[in-house]
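**Q** Data file model.txt (compact mmCIF, C-alpha atoms and all ligand atoms) is appended below.
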```
# COMPACT_ATOMS: atom_id res chain seq x y z
CA MET A 1 -68.05 22.45 4.01
CA ASN A 2 -64.64 22.70 5.63
CA VAL A 3 -63.48 26.32 5.33
CA LEU A 4 -60.45 27.88 7.00
CA VAL A 5 -60.20 31.68 7.06
CA VAL A 6 -56.65 33.01 7.42
CA VAL A 7 -56.46 36.50 8.96
CA PRO A 8 -53.19 38.43 9.40
CA THR A 9 -53.31 40.89 12.28
CA TYR A 10 -51.15 43.74 13.46
CA ASN A 11 -52.70 46.02 16.09
CA GLU A 12 -56.34 45.08 15.55
CA ARG A 13 -57.46 44.65 19.16
CA ASP A 14 -60.79 46.45 18.74
CA ASN A 15 -61.62 44.85 15.40
CA LEU A 16 -60.75 41.20 15.94
CA PRO A 17 -63.59 40.23 18.36
CA LEU A 18 -66.18 41.64 15.92
CA LEU A 19 -64.57 39.87 12.99
CA VAL A 20 -64.52 36.55 14.86
CA ARG A 21 -68.21 36.85 15.65
CA GLY A 22 -69.03 37.48 12.00
CA VAL A 23 -66.88 34.67 10.60
CA LEU A 24 -67.87 32.01 13.13
CA ALA A 25 -71.55 32.75 12.53
CA HIS A 26 -71.06 30.57 9.43
CA PRO A 27 -71.27 26.87 10.31
CA GLY A 28 -68.24 24.81 9.37
CA TYR A 29 -65.90 27.80 9.24
CA ARG A 30 -62.72 27.97 11.29
CA MET A 31 -60.13 30.73 11.61
CA LEU A 32 -56.36 30.99 11.71
CA VAL A 33 -55.21 34.32 13.15
CA VAL A 34 -51.61 35.16 12.20
CA ASP A 35 -50.44 37.83 14.62
CA ASP A 36 -47.11 39.56 14.24
CA GLY A 37 -46.49 40.26 17.94
CA SER A 38 -48.90 43.24 17.91
CA PRO A 39 -47.81 45.74 20.60
CA ASP A 40 -51.49 46.47 21.36
CA GLY A 41 -52.09 42.91 22.63
CA THR A 42 -54.11 41.60 19.66
CA GLY A 43 -52.32 38.24 20.05
CA GLN A 44 -53.56 37.80 23.63
CA ILE A 45 -57.08 38.81 22.60
CA ALA A 46 -56.89 36.18 19.86
CA ASP A 47 -55.82 33.56 22.43
CA ALA A 48 -58.79 34.47 24.63
CA LEU A 49 -61.15 34.22 21.65
CA ALA A 50 -59.69 30.80 20.82
CA LEU A 51 -60.51 29.61 24.36
CA GLU A 52 -64.01 31.00 24.00
CA HIS A 53 -64.56 29.09 20.74
CA PRO A 54 -62.89 25.69 21.25
CA GLY A 55 -61.75 24.01 18.05
CA ARG A 56 -62.67 26.92 15.83
CA ILE A 57 -59.82 29.40 16.20
CA GLU A 58 -56.12 28.77 15.99
CA VAL A 59 -53.58 31.52 16.70
CA MET A 60 -50.13 31.71 15.18
CA HIS A 61 -47.79 34.07 17.06
CA ARG A 62 -45.05 35.13 14.67
CA THR A 63 -41.67 36.35 15.86
CA GLY A 64 -38.78 37.82 13.90
CA LEU A 65 -39.33 39.92 10.80
CA ARG A 66 -42.85 41.29 10.54
CA GLY A 67 -44.73 41.56 7.27
CA LEU A 68 -48.04 40.93 5.56
CA GLY A 69 -46.60 38.68 2.85
CA ARG A 70 -44.50 36.75 5.37
CA SER A 71 -47.55 36.27 7.57
CA TYR A 72 -49.59 35.02 4.65
CA ILE A 73 -46.88 32.56 3.63
CA ASP A 74 -46.67 31.11 7.15
CA GLY A 75 -50.45 31.10 7.60
CA LEU A 76 -51.29 29.59 4.22
CA ARG A 77 -48.63 26.90 4.62
CA HIS A 78 -50.07 25.98 7.97
CA ALA A 79 -53.57 25.91 6.45
CA LEU A 80 -52.40 23.60 3.65
CA ALA A 81 -50.78 21.26 6.16
CA GLN A 82 -54.18 20.52 7.70
CA ASP A 83 -56.07 17.56 6.34
CA GLY A 84 -59.63 17.98 5.24
CA VAL A 85 -59.58 21.74 4.60
CA GLU A 86 -61.32 22.20 1.23
CA LEU A 87 -61.41 25.98 0.94
CA ILE A 88 -58.92 28.49 2.31
CA CYS A 89 -60.03 32.11 2.55
CA GLN A 90 -57.94 35.16 3.31
CA MET A 91 -59.28 38.47 4.62
CA ASP A 92 -58.23 41.59 6.53
CA ALA A 93 -59.01 41.93 10.23
CA ASP A 94 -59.99 45.61 10.14
CA LEU A 95 -63.67 44.97 9.20
CA SER A 96 -63.15 46.35 5.69
CA HIS A 97 -64.02 42.85 4.50
CA ASP A 98 -67.49 41.98 5.79
CA PRO A 99 -67.77 38.29 6.78
CA GLN A 100 -71.31 38.29 5.36
CA TYR A 101 -69.74 37.94 1.89
CA LEU A 102 -67.87 34.74 2.75
CA PRO A 103 -70.68 32.42 1.54
CA SER A 104 -70.78 34.12 -1.87
CA LEU A 105 -67.01 33.70 -2.21
CA THR A 106 -67.10 30.05 -1.17
CA ALA A 107 -70.10 29.35 -3.44
CA ALA A 108 -68.25 30.77 -6.45
CA ALA A 109 -65.29 28.52 -5.60
CA ALA A 110 -67.41 25.61 -6.82
CA THR A 111 -66.59 26.74 -10.37
CA HIS A 112 -63.37 28.73 -9.85
CA ASP A 113 -59.96 27.96 -8.38
CA VAL A 114 -59.73 31.34 -6.69
CA VAL A 115 -62.48 33.87 -6.08
CA ILE A 116 -61.76 37.53 -5.34
CA GLY A 117 -64.04 39.72 -3.23
CA SER A 118 -63.87 42.67 -5.59
CA ARG A 119 -64.37 46.40 -5.02
CA TYR A 120 -64.47 47.25 -8.71
CA LEU A 121 -66.87 44.78 -10.25
CA GLN A 122 -69.92 46.99 -9.98
CA GLY A 123 -68.52 50.50 -10.41
CA ILE A 124 -66.44 51.44 -7.39
CA SER A 125 -67.91 50.02 -4.16
CA VAL A 126 -65.74 51.59 -1.50
CA VAL A 127 -67.10 53.44 1.55
CA ASN A 128 -65.20 56.17 3.43
CA TRP A 129 -62.16 56.39 1.24
CA PRO A 130 -60.79 59.84 0.42
CA LEU A 131 -60.65 60.57 -3.30
CA HIS A 132 -56.87 60.18 -3.49
CA ARG A 133 -57.11 56.64 -2.11
CA ILE A 134 -59.73 55.68 -4.72
CA ILE A 135 -57.61 57.17 -7.50
CA LEU A 136 -54.49 55.40 -6.22
CA SER A 137 -56.21 52.02 -5.99
CA THR A 138 -57.99 52.19 -9.35
CA PHE A 139 -54.79 53.43 -11.02
CA ALA A 140 -52.80 50.61 -9.37
CA ASN A 141 -55.24 48.01 -10.66
CA GLN A 142 -55.20 49.42 -14.18
CA TYR A 143 -51.40 49.48 -14.11
CA ILE A 144 -51.18 45.90 -12.84
CA ARG A 145 -53.61 44.63 -15.49
CA THR A 146 -51.73 46.40 -18.27
CA VAL A 147 -48.28 45.18 -17.24
CA THR A 148 -49.08 41.63 -16.10
CA ARG A 149 -52.07 40.92 -18.41
CA LEU A 150 -54.05 39.71 -15.41
CA SER A 151 -57.76 40.22 -16.08
CA PRO A 152 -59.56 40.68 -12.72
CA SER A 153 -60.87 44.15 -11.90
CA ASP A 154 -59.44 43.98 -8.36
CA CYS A 155 -56.00 42.38 -8.24
CA THR A 156 -55.01 43.96 -4.92
CA SER A 157 -57.98 42.83 -2.84
CA GLY A 158 -56.97 40.75 0.17
CA PHE A 159 -60.42 39.13 0.37
CA ARG A 160 -60.18 35.80 -1.43
CA CYS A 161 -61.21 32.18 -1.38
CA TRP A 162 -58.92 29.47 -2.76
CA ARG A 163 -59.61 25.90 -3.62
CA ARG A 164 -57.05 23.94 -1.71
CA ASP A 165 -55.40 22.38 -4.78
CA ALA A 166 -54.93 25.71 -6.55
CA LEU A 167 -53.31 27.24 -3.49
CA ALA A 168 -51.09 24.21 -3.00
CA GLN A 169 -49.64 24.72 -6.49
CA LEU A 170 -48.31 28.20 -5.74
CA PRO A 171 -44.56 28.50 -5.09
CA LEU A 172 -45.08 30.27 -1.76
CA SER A 173 -41.42 29.97 -0.75
CA ALA A 174 -40.28 31.66 -3.97
CA MET A 175 -42.50 34.74 -3.54
CA VAL A 176 -40.52 37.98 -3.57
CA SER A 177 -42.98 40.66 -2.45
CA ASP A 178 -44.51 41.48 0.90
CA GLY A 179 -47.16 44.23 0.76
CA TYR A 180 -50.11 44.45 -1.64
CA ALA A 181 -47.71 43.23 -4.29
CA PHE A 182 -47.75 39.87 -2.56
CA LEU A 183 -51.43 39.55 -3.38
CA VAL A 184 -50.73 40.41 -7.02
CA GLU A 185 -47.89 37.90 -7.14
CA MET A 186 -50.18 35.15 -5.82
CA LEU A 187 -52.74 35.87 -8.54
CA PHE A 188 -50.08 36.03 -11.23
CA GLU A 189 -48.64 32.66 -10.25
CA ALA A 190 -52.11 31.15 -10.10
CA GLY A 191 -52.92 32.56 -13.56
CA GLN A 192 -49.67 31.14 -14.96
CA ARG A 193 -50.78 27.72 -13.75
CA GLY A 194 -54.08 28.02 -15.54
CA ALA A 195 -56.20 28.76 -12.48
CA ARG A 196 -59.77 29.86 -13.11
CA ILE A 197 -59.97 33.26 -11.42
CA GLY A 198 -63.43 34.54 -10.47
CA GLU A 199 -64.74 37.67 -8.79
CA VAL A 200 -67.77 38.45 -6.68
CA PRO A 201 -68.77 42.01 -5.73
CA ILE A 202 -68.23 43.29 -2.20
CA ILE A 203 -68.72 46.68 -0.59
CA PHE A 204 -65.43 47.61 1.06
CA VAL A 205 -65.68 49.82 4.14
CA GLU A 206 -62.57 51.68 5.32
CA ARG A 207 -61.42 50.81 8.83
CA ARG A 208 -62.90 52.83 11.71
CA GLN A 209 -60.53 51.58 14.42
CA GLY A 210 -56.78 51.26 14.37
CA GLN A 211 -54.17 52.50 11.97
CA SER A 212 -53.32 51.81 8.36
CA LYS A 213 -50.00 50.09 7.65
CA LEU A 214 -49.80 51.45 4.12
CA SER A 215 -46.25 52.79 3.67
CA THR A 216 -44.24 54.37 0.88
CA GLY A 217 -42.15 51.20 0.68
CA VAL A 218 -45.27 49.14 0.03
CA LEU A 219 -46.33 51.54 -2.72
CA VAL A 220 -42.93 51.48 -4.42
CA GLU A 221 -42.93 47.68 -4.24
CA SER A 222 -46.32 47.56 -5.95
CA LEU A 223 -45.02 49.71 -8.81
CA ILE A 224 -41.99 47.48 -9.41
CA THR A 225 -43.47 44.01 -8.83
CA PRO A 226 -45.70 43.89 -11.95
CA TRP A 227 -42.57 44.30 -14.10
CA LYS A 228 -40.73 41.58 -12.19
CA LEU A 229 -43.70 39.29 -12.77
CA LYS A 230 -43.84 40.16 -16.45
CA LEU A 231 -40.14 39.27 -16.83
CA ARG A 232 -40.63 36.08 -14.87
CA GLY A 233 -43.54 35.11 -17.12
CA ALA A 234 -41.52 35.87 -20.27
CA ARG A 235 -38.68 33.60 -19.14
CA ARG A 236 -41.01 30.62 -18.73
N1 LIG B 301 -49.45 39.68 10.61
C1 LIG B 301 -49.40 40.89 10.03
N2 LIG B 301 -50.55 41.49 9.65
C2 LIG B 301 -50.47 42.70 9.07
C3 LIG B 301 -49.25 43.38 8.85
N3 LIG B 301 -49.52 44.58 8.26
C4 LIG B 301 -50.84 44.63 8.10
N4 LIG B 301 -51.43 43.51 8.61
C5 LIG B 301 -52.85 43.15 8.61
O1 LIG B 301 -53.24 43.05 7.26
C6 LIG B 301 -54.55 43.54 7.09
C7 LIG B 301 -54.52 44.72 6.09
O2 LIG B 301 -53.76 45.77 6.63
P1 LIG B 301 -54.27 47.30 6.70
O3 LIG B 301 -53.43 48.08 7.63
O4 LIG B 301 -55.74 47.30 6.95
O5 LIG B 301 -53.94 47.77 5.29
P2 LIG B 301 -54.91 48.53 4.39
O6 LIG B 301 -56.21 47.85 4.35
O7 LIG B 301 -54.19 48.72 3.14
O8 LIG B 301 -55.00 49.95 5.09
P3 LIG B 301 -56.26 50.66 5.75
O9 LIG B 301 -56.62 51.73 4.83
O10 LIG B 301 -55.81 51.19 7.05
O11 LIG B 301 -57.31 49.63 5.96
C8 LIG B 301 -55.05 43.92 8.47
O12 LIG B 301 -55.72 42.83 9.02
C9 LIG B 301 -53.75 44.19 9.22
O13 LIG B 301 -53.88 44.02 10.62
C10 LIG B 301 -48.05 42.73 9.28
O14 LIG B 301 -46.94 43.21 9.14
N5 LIG B 301 -48.19 41.49 9.85
MG MG B 302 -57.48 47.79 5.75
```
For the file at hand, write its structure as structure tokens.

**A**
Amino acid sequence: MNVLVVVPTYNERDNLPLLVRGVLAHPGYRMLVVDDGSPDGTGQIADALALEHPGRIEVMHRTGLRGLGRSYIDGLRHALAQDGVELICQMDADLSHDPQYLPSLTAAAATHDVVIGSRYLQGISVVNWPLHRIILSTFANQYIRTVTRLSPSDCTSGFRCWRRDALAQLPLSAMVSDGYAFLVEMLFEAGQRGARIGEVPIIFVERRQGQSKLSTGVLVESLITPWKLKLRGARR
């Protein structure tokens, strides 16, 4: 199977080598690291890893405006431009998303257009999160489901596997959000196009190394975006 795993990075120098080892342990998998000029040198570490694993890692060095959504748009476009890639996965670099789950995501993509690695499918499977973070995330998901009518239990998870065709249908250049909301917007657009959305359970482990990029701006955006999507859906 031809699988490309797209990983956005910003200051993940300690995490990336471990992630690469875990992902490349799966035969047939390749990676695209999308680094946003990380001041900690993650981009150079990614280049060294690419040399170590010829033909299996590609590194995109972004310049200009930084952002998770922007990085995903550039990375996913680049992934779609490659012939022969059947499945395109996306995951965080901070080891919260264990590469051992990749085969269960890709297996479920046989019968779904997009598969989410979900924290909320079997109760709440999150390790090392303070209570307020659990409450915030479960509330956010409830809110998103209520406003947008999306059905998955985890709409903000960044651990996903897309069938190439389903991803190619998304209007990536028309996306308006950049933080977690970008992930919600992707799902919403996929749902509007009739995509079969599946979920498989994962255990999410909070990062041990490096810093969170969760900001107030990102939170505000994720409160507003579901309403924008609802309006957009109503106009169709
Ligand atoms: N290219 C790029 N990657 C980013 C940016 N912001 C975050 N990332 C990456 O996106 C992934 C998720 O970001 P995190 O900082 O872990 O966000 P989070 O998971 O909500 O926060 P934590 O609780 O710290 O894990 C990680 O791989 C980050 O390195 C950015 O602006 N550009
Ligand atoms: Mg994280």

**Q** Using all atoms listed in the file, what does the table of chain A residues within 9 Å of ligand LIG 301 (chain B) look like, with each row giving the shortest atom pair and its distance in Å to one decimal, sorted by chain and ascending number, as a Markdown table?

**A**
```
| residue | atom | partner | partner_atom | distance |
| --- | --- | --- | --- | --- |
| A:Val7 | CA | B:LIG301 | O12 | 6.4 |
| A:Pro8 | CA | B:LIG301 | N2 | 4.0 |
| A:Thr9 | CA | B:LIG301 | O13 | 3.6 |
| A:Tyr10 | CA | B:LIG301 | O13 | 3.9 |
| A:Asn11 | CA | B:LIG301 | O13 | 5.9 |
| A:Glu12 | CA | B:LIG301 | O13 | 5.6 |
| A:Asn15 | CA | B:LIG301 | O12 | 8.9 |
| A:Leu16 | CA | B:LIG301 | O12 | 8.7 |
| A:Val33 | CA | B:LIG301 | N1 | 8.3 |
| A:Val34 | CA | B:LIG301 | N1 | 5.3 |
| A:Asp35 | CA | B:LIG301 | N1 | 4.5 |
| A:Asp36 | CA | B:LIG301 | N1 | 4.3 |
| A:Gly37 | CA | B:LIG301 | N1 | 7.9 |
| A:Ser38 | CA | B:LIG301 | N1 | 8.1 |
| A:His61 | CA | B:LIG301 | N1 | 8.7 |
| A:Arg62 | CA | B:LIG301 | N1 | 7.5 |
| A:Leu65 | CA | B:LIG301 | O14 | 8.5 |
| A:Arg66 | CA | B:LIG301 | O14 | 4.7 |
| A:Gly67 | CA | B:LIG301 | O14 | 3.3 |
| A:Leu68 | CA | B:LIG301 | C10 | 4.1 |
| A:Gly69 | CA | B:LIG301 | N5 | 7.7 |
| A:Arg70 | CA | B:LIG301 | N5 | 7.5 |
| A:Ser71 | CA | B:LIG301 | N1 | 4.9 |
| A:Tyr72 | CA | B:LIG301 | N1 | 7.6 |
| A:Met91 | CA | B:LIG301 | O12 | 7.1 |
| A:Asp92 | CA | B:LIG301 | O12 | 3.7 |
| A:Ala93 | CA | B:LIG301 | O12 | 3.6 |
| A:Asp94 | CA | B:LIG301 | O12 | 5.2 |
| A:Leu95 | CA | B:LIG301 | O12 | 8.2 |
| A:Ser96 | CA | B:LIG301 | O11 | 6.7 |
| A:Trp129 | CA | B:LIG301 | O9 | 8.1 |
| A:Arg133 | CA | B:LIG301 | O9 | 8.5 |
| A:Ser157 | CA | B:LIG301 | O6 | 8.9 |
| A:Gly158 | CA | B:LIG301 | C7 | 7.5 |
| A:Asp178 | CA | B:LIG301 | O14 | 8.8 |
| A:Gly179 | CA | B:LIG301 | N3 | 7.9 |
| A:Tyr180 | CA | B:LIG301 | O7 | 7.6 |
| A:Val205 | CA | B:LIG301 | O11 | 8.6 |
| A:Glu206 | CA | B:LIG301 | O11 | 5.7 |
| A:Arg207 | CA | B:LIG301 | O11 | 5.1 |
| A:Arg208 | CA | B:LIG301 | O11 | 8.6 |
| A:Gln209 | CA | B:LIG301 | O10 | 8.8 |
| A:Gly210 | CA | B:LIG301 | O10 | 7.4 |
| A:Gln211 | CA | B:LIG301 | O10 | 5.3 |
| A:Ser212 | CA | B:LIG301 | O10 | 2.9 |
| A:Lys213 | CA | B:LIG301 | O3 | 4.0 |
| A:Leu214 | CA | B:LIG301 | O7 | 5.3 |
| A:Ser215 | CA | B:LIG301 | O7 | 8.9 |
```

**Q** If I take atom CA of Ala181 of chain A and atom CA of Phe159 of chain A, how far is one from the other in Å, to one decimal?

**A**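 Spanning atom CA of Ala181 of chain A to atom CA of Phe159 of chain A is a straight-line distance of 14.1 Å.
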
**Q** Atom CA of Ser222 of chain A and atom CA of Gly43 of chain A, how far apart in Å?

**A**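 Spanning atom CA of Gly43 of chain A to atom CA of Ser222 of chain A is a straight-line distance of 28.3 Å.
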
**Q** Nearest residue to ligand MG 302 (chain B) out of A:Glu189, A:Tyr143, A:Trp162, A:His97, using only C-alpha atoms and all ligand atoms?

**A** A:His97

**Q** Mind pulling up the distance from atom CA of Ile116 of chain A to atom CA of Val3 of chain A?

**A**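 One can read the atom CA of Val3 of chain A to atom CA of Ile116 of chain A distance as 15.6 Å.
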
**Q** Starting from the point (-59.7, 30.0, 7.6), work out which residues of protein, DNA or RNA have an atom no more than 8 Å away when counting only C-alpha atoms; state them as a ChimeraX atom specification.

**A** /A:3-7,29-32,79,87-90

**Q** Fewer than 6 positions away in the same chain doesn't count, so skip those; otherwise give me all residues within 9 Å of segment 192-202 of chain A, counting all atoms listed in the file, as a CSV table (one decimal) with C-alpha atoms, in the coordinates of the input.

**A**
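Result saved to part_34.csv:
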```csv
chain,number,residue,atom,x,y,z
A,97,HIS,CA,-64.0,42.8,4.5
A,98,ASP,CA,-67.5,42.0,5.8
A,101,TYR,CA,-69.7,37.9,1.9
A,104,SER,CA,-70.8,34.1,-1.9
A,105,LEU,CA,-67.0,33.7,-2.2
A,108,ALA,CA,-68.2,30.8,-6.4
A,109,ALA,CA,-65.3,28.5,-5.6
A,111,THR,CA,-66.6,26.7,-10.4
A,112,HIS,CA,-63.4,28.7,-9.8
A,113,ASP,CA,-60.0,28.0,-8.4
A,114,VAL,CA,-59.7,31.3,-6.7
A,115,VAL,CA,-62.5,33.9,-6.1
A,116,ILE,CA,-61.8,37.5,-5.3
A,117,GLY,CA,-64.0,39.7,-3.2
A,118,SER,CA,-63.9,42.7,-5.6
A,119,ARG,CA,-64.4,46.4,-5.0
A,120,TYR,CA,-64.5,47.2,-8.7
A,121,LEU,CA,-66.9,44.8,-10.2
A,122,GLN,CA,-69.9,47.0,-10.0
A,125,SER,CA,-67.9,50.0,-4.2
A,126,VAL,CA,-65.7,51.6,-1.5
A,151,SER,CA,-57.8,40.2,-16.1
A,152,PRO,CA,-59.6,40.7,-12.7
A,153,SER,CA,-60.9,44.2,-11.9
A,154,ASP,CA,-59.4,44.0,-8.4
A,160,ARG,CA,-60.2,35.8,-1.4
A,166,ALA,CA,-54.9,25.7,-6.6
A,169,GLN,CA,-49.6,24.7,-6.5
A,170,LEU,CA,-48.3,28.2,-5.7
A,233,GLY,CA,-43.5,35.1,-17.1
```

**Q** Excluding same-chain residues fewer than 5 positions from Leu231 of chain A, what lies within 12 Å of it counting all atoms listed in the file, as a PyMOL selection string?

**A** chain A and resi 147-148+188+224-226+236

**Q** Give, as lines of an AutoDock Vina configuration file, the centre coordinates and the x, y and z edge lengths in Å to one decimal for an axis-aligned box around all listed atoms of segment 193-204 of chain A, padded by 3 Å on each side.

**A**
```
center_x = -59.8
center_y = 37.7
center_z = -7.2
size_x = 24.0
size_y = 25.9
size_z = 22.6
```

**Q** Which residue out of A:Val184, A:Asp47, A:Leu167, A:Pro99 has the minimum interatomic distance to Arg21 of chain A when all atoms listed in the file are used?

**A**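 Going through A:Val184, A:Asp47, A:Leu167, A:Pro99 one by one, the smallest distance to Arg21 of chain A is for A:Pro99.
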
**Q** A:His132, A:Leu102, A:Trp227, A:Phe204: which is nearest ligand MG 302 (chain B), counting all atoms listed in the file?

**A** A:Phe204

**Q** Between A:Ile144, A:Ala46, A:Val127, A:Met1, which residue has the minimum interatomic distance to ligand MG 302 (chain B), considering all atoms listed in the file?

**A**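 Of A:Ile144, A:Ala46, A:Val127, A:Met1, the one nearest ligand MG 302 (chain B), counting all atoms listed in the file, is A:Val127.
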
**Q** What does segment 8-19 of chain A look like written to a file with N, CA and C atoms, as an mmCIF file, in the first residue's frame?

**A**
```cif
data_model
loop_
_atom_site.group_PDB
_atom_site.id
_atom_site.type_symbol
_atom_site.label_atom_id
_atom_site.label_comp_id
_atom_site.auth_asym_id
_atom_site.auth_seq_id
_atom_site.Cartn_x
_atom_site.Cartn_y
_atom_site.Cartn_z
ATOM 1 N N PRO A 8 2.924 18.234 10.238
ATOM 2 C CA PRO A 8 3.352 19.622 10.431
ATOM 3 C C PRO A 8 4.231 19.712 11.680
ATOM 4 N N THR A 9 5.307 20.471 11.589
ATOM 5 C CA THR A 9 6.164 20.599 12.776
ATOM 6 C C THR A 9 6.484 22.059 13.064
ATOM 7 N N TYR A 10 6.508 22.376 14.333
ATOM 8 C CA TYR A 10 7.034 23.658 14.796
ATOM 9 C C TYR A 10 7.679 23.393 16.151
ATOM 10 N N ASN A 11 8.987 23.464 16.190
ATOM 11 C CA ASN A 11 9.755 23.199 17.421
ATOM 12 C C ASN A 11 9.473 21.819 18.006
ATOM 13 N N GLU A 12 9.822 20.803 17.245
ATOM 14 C CA GLU A 12 9.629 19.413 17.683
ATOM 15 C C GLU A 12 10.935 18.625 17.572
ATOM 16 N N ARG A 13 12.060 19.268 17.867
ATOM 17 C CA ARG A 13 13.348 18.625 17.594
ATOM 18 C C ARG A 13 13.537 17.320 18.363
ATOM 19 N N ASP A 14 13.049 17.237 19.577
ATOM 20 C CA ASP A 14 13.243 16.003 20.351
ATOM 21 C C ASP A 14 12.256 14.911 19.951
ATOM 22 N N ASN A 15 11.106 15.323 19.436
ATOM 23 C CA ASN A 15 10.055 14.348 19.130
ATOM 24 C C ASN A 15 10.177 13.735 17.739
ATOM 25 N N LEU A 16 10.645 14.531 16.777
ATOM 26 C CA LEU A 16 10.590 14.078 15.382
ATOM 27 C C LEU A 16 11.366 12.768 15.115
ATOM 28 N N PRO A 17 12.609 12.619 15.635
ATOM 29 C CA PRO A 17 13.323 11.361 15.340
ATOM 30 C C PRO A 17 12.566 10.124 15.831
ATOM 31 N N LEU A 18 11.904 10.239 16.985
ATOM 32 C CA LEU A 18 11.143 9.100 17.509
ATOM 33 C C LEU A 18 9.920 8.827 16.644
ATOM 34 N N LEU A 19 9.284 9.902 16.210
ATOM 35 C CA LEU A 19 8.101 9.742 15.355
ATOM 36 C C LEU A 19 8.481 9.048 14.036
#
```
